[in-house]
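K.L.:
Before I ask anything, let me first share the structure, which is written out below as structure tokens.
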Amino acid sequence: MNVSVLGCGRWGTFIAWYVNKAGHDVTLWGRQGSKNLQVLMDSRKNDYLTLPDEIELSHSLENAVTSAEVIIISISAQQLRSFAKQLSQLNEIEGKTFILCMKGLEADSGKRLTQVFSEELGKSTNVAVWVGPGHVQDFVNHIPNCMVISSENIEITKKIVQAFNSDLIRFYYGQDLIGNEIGAATKNVMGIAAGMLDGLNYSSLKGSLMARGTREISRLVRAMGGNDLTIYGLSHLGDYEATLFSLHSHNRKFGQMFVQGEDFGKLAEGVSTVKALKELSAQYHVELPISDAIYEILFENKDAKKTLEDLILRPVKFEF
Ligand SMILES: NC(=O)C1=CN([C@@H]2O[C@H](COP(=O)(O)OP(=O)(O)OC[C@H]3O[C@@H](n4cnc5c(N)ncnc54)[C@H](O)[C@@H]3O)[C@@H](O)[C@H]2O)C=CC1
Ligand SMILES: O=C(CO)COP(=O)(O)O
């Protein structure tokens with residue numbers, strides 16, 4: 001199958017490498033002037049991996065989109081709306097299958113990424129998400145993992161899983177697009193919280209964060225019409241090791257450096273997601289104490305140690 005991957009950062013480049021390894025013809029696209037693409041064109045390497053010669057590298061969005069049956073997008077979540085607008089101007093977009101390999105929510109509206117995408121491209125394209133745990137550094141060292149594909153059309157979900165399943169990634173069929181998208185985006189917020197705990201020498205609280213974080217997000221998913229159980233699956237709890245504990249996690253690292261007064265400098269999607277959660281908490285009347293605490297620390301200059309300690313002082317309640 002011809003597959004194009006749009007976005008050649010850390011994850012998009014890995015996805016191109018992986019899809020090629022799974023037996024498909026792959027084009028990897030980056031913007032004109034993209035430093036990431038230039039480095040790959042010059043050396044076929046980046047900080048994480050080496051791309052085989054058969055992967056085509058391209059600056060032409062039109063060619064990348066028209067030549068492929070399946071198009072995978074991996075860019076920062078806050079750029080998706082403007083990028084989808086750009087895609088909607090192209091010919092021959094109808095009937096294509098798009099897969100979003102990204103974890104976020106639109107910061108201002110709280111919308112899920114498939115909602116944002118469909119609003120810009122209409123219903124004439126199929127859209128799915130590919131989420132779950134995994135770091136490039138582990139996959140290129142042949143350490144397998146499990147991930148999940150989700151969409152509103154089970155036939156599309158099955159087609160993608162069958163095309164991309166391998167001994168390196170075992171895919172599951174997602175059954176709850178709302179839960180999978182909210183779960184994937186919000187695990188980054190818990191990752192920032194975990195990094196803050198690490199930075200404050202409170203790492204031993206990460207078990208409690210796992211228990212209460214999943215509970216908080218499962219309440220939100222239920223209120224939004226999803227299945228609260230989804231939060232205990234691959235897109236959220238299943239991604240906690242890779243985010244709350246892994247030294248590779250950008251979100252965890254961002255949180256740790258933030259409380260230590262340092263600037264991380266790379267994309268940590270949870271920063272924007274925490275804004276979206278503020279919006280969703282109000283829209284759906286769901287209390288999100290951990291997410292609120294992270295919002296106050298990041299955007300209201302509240303002291304991190306005191307704000308996280310205050311969570312312990314909340315009124316006593318039933319666990320479930
Ligand atoms: N296990 C998983 O499923 C993983 C998922 N991710 C997700 O992948 C997404 C991308 O993350 P990274 O690759 O780490 O970020 P990155 O910053 O390394 O790469 C983002 C890429 O998007 C490009 N980009 C940004 N705005 C664009 C626009 N308007 N048009 C075209 N290209 C644009 C940038 O030039 C860059 O190459 C995130 O949503 C992240 O959460 C990342 C790592 C693992
Ligand atoms: O989604 C990921 C791991 O599954 C990557 O997490 P970070 O963006 O925090 O590195």
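Labeling convention for the structure tokens: chains A, B, ... as they appear, residues from 1 per chain, ligands from 1 in order of appearance.
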What lies within 9 Å of Glu69 of chain A using only C-alpha atoms, ignoring chain neighbours under 5 positions off, as a list of chain:residue names?
P.N.:
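Surrounding residues, per the criterion: A:Met1, A:Asn2, A:Val3, A:Ser4, A:Gly95, A:Lys96, A:Thr97, A:Phe98.
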K.L.:
Produce as a list in words the set of residues near ligand 2, where near means within 8 Å with only C-alpha atoms and all ligand atoms considered.
P.N.:
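Result of the 8 Å neighbour search around ligand 2: Met102, Lys103, Val131, Gly132, Pro133, Gly134, His135, Ala184, Asn188, Gly191, Asp239, Tyr240, Ala242, Thr243, His248, Ser249, His250, Asn251, Arg252, Lys253, Leu267, Ala268, Glu269 and Gly270 of chain A.
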K.L.:
Using backbone DSSP assignments, extract all strand (DSSP E) residues from segment 64-122 of chain A; output them as a list in words.
P.N.:
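DSSP-assigned strand (DSSP E) residues in segment 64-122 of chain A: Val70, Ile71, Ile72, Ile73, Thr97, Phe98, Ile99 and Leu100 of chain A.
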K.L.:
Keeping only C-alpha atoms, take the residues you just selected and write them out as a PDB file, in the first residue's frame.
P.N.:
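Below you can see part19.pdb, which holds the result:
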ATOM      1  CA  VAL A  70      -3.476   6.137   3.631  1.00  0.00           C
ATOM      2  CA  ILE A  71      -2.107   9.408   5.017  1.00  0.00           C
ATOM      3  CA  ILE A  72      -0.698   9.615   8.515  1.00  0.00           C
ATOM      4  CA  ILE A  73      -0.333  12.977  10.254  1.00  0.00           C
ATOM      5  CA  THR A  97      -8.018   7.461   5.007  1.00  0.00           C
ATOM      6  CA  PHE A  98      -6.217   9.778   7.413  1.00  0.00           C
ATOM      7  CA  ILE A  99      -4.643   8.560  10.639  1.00  0.00           C
ATOM      8  CA  LEU A 100      -3.736  11.032  13.357  1.00  0.00           C
TER       9      LEU A 100
END
K.L.:
Residues of chain A that approach ligand 1 to 7 Å or less, counting only C-alpha atoms and all ligand atoms: could you list each one with the shortest pair of atoms and its distance in Å to one decimal, rows by chain and increasing residue number, as a Markdown table?
P.N.:
| residue | atom | partner | partner_atom_place_in_ligand_line | distance |
| --- | --- | --- | --- | --- |
| A:Gly7 | CA | ligand 1 | 22 (O) | 4.7 |
| A:Cys8 | CA | ligand 1 | 37 (O) | 4.4 |
| A:Gly9 | CA | ligand 1 | 19 (O) | 3.3 |
| A:Arg10 | CA | ligand 1 | 13 (O) | 3.7 |
| A:Trp11 | CA | ligand 1 | 13 (O) | 3.7 |
| A:Gly12 | CA | ligand 1 | 13 (O) | 5.5 |
| A:Gly30 | CA | ligand 1 | 32 (N) | 6.2 |
| A:Arg31 | CA | ligand 1 | 31 (C) | 5.6 |
| A:Ser34 | CA | ligand 1 | 35 (O) | 5.9 |
| A:Asn36 | CA | ligand 1 | 37 (O) | 5.8 |
| A:Ser74 | CA | ligand 1 | 9 (C) | 4.9 |
| A:Ile75 | CA | ligand 1 | 22 (O) | 3.4 |
| A:Ser76 | CA | ligand 1 | 39 (O) | 4.9 |
| A:Ala77 | CA | ligand 1 | 39 (O) | 5.3 |
| A:Gln79 | CA | ligand 1 | 29 (N) | 4.8 |
| A:Leu80 | CA | ligand 1 | 29 (N) | 6.7 |
| A:Ser82 | CA | ligand 1 | 29 (N) | 6.4 |
| A:Phe83 | CA | ligand 1 | 29 (N) | 5.1 |
| A:Cys101 | CA | ligand 1 | 8 (O) | 5.6 |
| A:Met102 | CA | ligand 1 | 39 (O) | 3.3 |
| A:Lys103 | CA | ligand 1 | 41 (O) | 4.1 |
| A:Gly104 | CA | ligand 1 | 39 (O) | 5.8 |
| A:Trp130 | CA | ligand 1 | 3 (O) | 6.6 |
| A:Val131 | CA | ligand 1 | 3 (O) | 4.5 |
| A:Gly132 | CA | ligand 1 | 3 (O) | 5.3 |
| A:Pro133 | CA | ligand 1 | 1 (N) | 4.7 |
| A:Gly134 | CA | ligand 1 | 1 (N) | 4.1 |
| A:His135 | CA | ligand 1 | 44 (C) | 5.5 |
| A:Lys266 | CA | ligand 1 | 17 (O) | 6.4 |
| A:Leu267 | CA | ligand 1 | 17 (O) | 5.1 |
| A:Glu269 | CA | ligand 1 | 41 (O) | 5.6 |
K.L.:
What's the separation between atom CA of Tyr295 of chain A and atom CA of Glu319 of chain A, in Å to one decimal place?
P.N.:
23.5 Å
K.L.:
DSSP on the backbone: what in segment 43-146 of chain A comes out alpha helix (DSSP H), as JSON, numbers by chain?
P.N.:
{"A": [43, 61, 62, 63, 64, 65, 66, 80, 81, 82, 83, 84, 85, 86, 87, 88, 113, 114, 115, 116, 117, 118, 119, 120, 121, 136, 137, 138, 139]}
K.L.:
Write out as a PyMOL selection string the residues lying within 8 Å of Val161 of chain A, counting only C-alpha atoms and excluding same-chain residues fewer than 6 positions away.
P.N.:
chain A and resi 149+171-173
K.L.:
What's the separation between atom CA of Asp47 of chain A and atom CA of Ile160 of chain A, in Å to one decimal place?
P.N.:
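Atom CA of Asp47 of chain A sits 28.1 Å away from atom CA of Ile160 of chain A.
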K.L.:
In terms of the shortest atom-to-atom distance over only C-alpha atoms, which of A:Leu87, A:Lys158, A:Leu220, A:Leu51 is closest to Glu120 of chain A?
P.N.:
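Selected residue with least distance to Glu120 of chain A: A:Leu87.
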K.L.:
Calculated over only C-alpha atoms, which of the candidates A:Ala304, A:Ala185, A:Ile169, A:Ile55 has the smallest distance to Phe139 of chain A?
P.N.:
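Smallest distance to Phe139 of chain A is found for A:Ile169.
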K.L.:
Using atom CA of Ala163 of chain A and atom CA of Asp25 of chain A as the two end points, give the distance in Å to one decimal.
P.N.:
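The value is 12.0 Å.
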K.L.:
Given only C-alpha atoms as the basis, pick out the residue of A:Ala223, A:Ala193, A:Leu280, A:Met257 nearest to Ile294 of chain A.
P.N.:
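Closest to Ile294 of chain A of all the choices is A:Ala193.
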K.L.:
What's around Arg170 of chain A at 10 Å? Count only C-alpha atoms, leave out sequence neighbours fewer than 6 positions away in its own chain, and write the answer as a PyMOL selection string.
P.N.:
chain A and resi 144-148+161+164
K.L.:
Give the answer as one residue: which of A:Val19, A:Ile231, A:Leu168, A:Leu308 has the shortest atom-to-atom distance to Tyr202 of chain A, using only C-alpha atoms?
P.N.:
A:Leu308
K.L.:
Using only C-alpha atoms, which residue out of A:Pro52, A:Asn301, A:Lys111, A:Arg314 lies closest to Val259 of chain A?
P.N.:
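Smallest distance to Val259 of chain A is found for A:Asn301.
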K.L.:
Just checking: using only C-alpha atoms, which residue out of A:Ser281, A:Asn126, A:Gln137, A:Asn165 ends up closest to Ser151 of chain A?
P.N.:
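Selected residue with least distance to Ser151 of chain A: A:Asn126.
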K.L.:
If you count only C-alpha atoms, which residues fall within 8 Å of segment 112-114 of chain A, apart from same-chain ones fewer than 2 positions away, as JSON, numbers by chain?
P.N.:
{"A": [77, 80, 100, 104, 105, 106, 110, 116, 117, 118, 127, 128, 129, 178, 181, 182]}
